[in-house]
Amino acid sequence: MASEHTVGFEPAEELAKVRESVRRRFWVKLKRVVAGLPFAEDLLAAYYCAFDSQTPRHVQVALLGAVAYFILPFDFVPDMLPVLGFTDDAAVLATAIRMVATHITPEHRDAAHAALQRGGDRVDTDSPGGGA
């Protein structure tokens, strides 16, 4: 009984659902919290890398997990707590970035910087390496 799988254990169709959910919810939360987020540029670079069609699938999965953790409504440390609220999000993101740092390109970082200059407005027609 063979089914189409990506790297890991999730069927490709499940990963596609997760990707679209993350894509929709990411920009809403980012715009809401970007002013107080010291790791916003790294988060955006990870987002652009995760949705870049040139990024290997295993890297996309790792980064999507970190970005999804940022947008999830539950946390180990609630995001509304001053100072401490995003420490768990930052730790998850930093770990994911360390694992796949060589795949986050200058183009992803440039796109992240440009998005922050626009105030976190969504520009998602797609990411720098050709989209997803």
# chains A, B, ... in the order shown; residues from 1 in each chain; ligands from 1

call {"tool": "residues_around", "arguments": {"residues": "A:Tyr47", "least_positions_apart": "5", "cutoff": "8 Å", "atoms": "only C-alpha atoms", "output": "short mmCIF file (atom, residue, chain, number, x, y, z; two decimals) with N, CA and C atoms, in the first residue's frame"}}
result
data_model
loop_
_atom_site.label_atom_id
_atom_site.label_comp_id
_atom_site.auth_asym_id
_atom_site.auth_seq_id
_atom_site.Cartn_x
_atom_site.Cartn_y
_atom_site.Cartn_z
N LEU A 63 11.11 24.71 8.46
CA LEU A 63 10.77 26.12 8.60
C LEU A 63 9.28 26.34 8.74
N LEU A 64 8.48 25.56 8.04
CA LEU A 64 7.02 25.67 8.21
C LEU A 64 6.62 25.34 9.64
N VAL A 67 7.47 28.49 11.67
CA VAL A 67 6.54 29.57 11.36
C VAL A 67 5.14 29.24 11.89
#

call {"tool": "residues_around", "arguments": {"residues": "A:Thr95", "least_positions_apart": "6", "cutoff": "12 Å", "atoms": "only C-alpha atoms", "output": "tab-separated table (two decimals) with C-alpha atoms, in the first residue's frame"}}
result
chain	number	residue	atom	x	y	z
A	42	ASP	CA	14.58	36.38	10.71
A	43	LEU	CA	10.98	35.17	10.89
A	46	ALA	CA	12.36	31.86	7.22
A	62	ALA	CA	11.43	22.44	9.29
A	63	LEU	CA	10.77	26.12	8.60
A	65	GLY	CA	7.01	24.06	11.64
A	66	ALA	CA	8.76	27.05	13.17
A	67	VAL	CA	6.54	29.57	11.36
A	88	ASP	CA	9.56	30.45	23.05
A	89	ASP	CA	8.74	31.51	19.48
A	101	ALA	CA	20.81	28.26	7.72

call {"tool": "select_by_dssp", "arguments": {"residues": "stretch 21-116 of chain A", "states": "helix (DSSP H, G or I)", "output": "MDAnalysis selection string"}}
result
chainID A and resid 21:36 40:50 57:71 87:103 106:116

call {"tool": "closest_residue", "arguments": {"among": "A:Lys31, A:Arg98, A:Lys17, A:His103", "to": "A:Asp52", "atoms": "only C-alpha atoms"}}
result
A:His103

call {"tool": "atom_distance", "arguments": {"atom1": "atom CA of A:Ser53", "atom2": "atom CA of A:Ile104"}}
result
12.5 Å
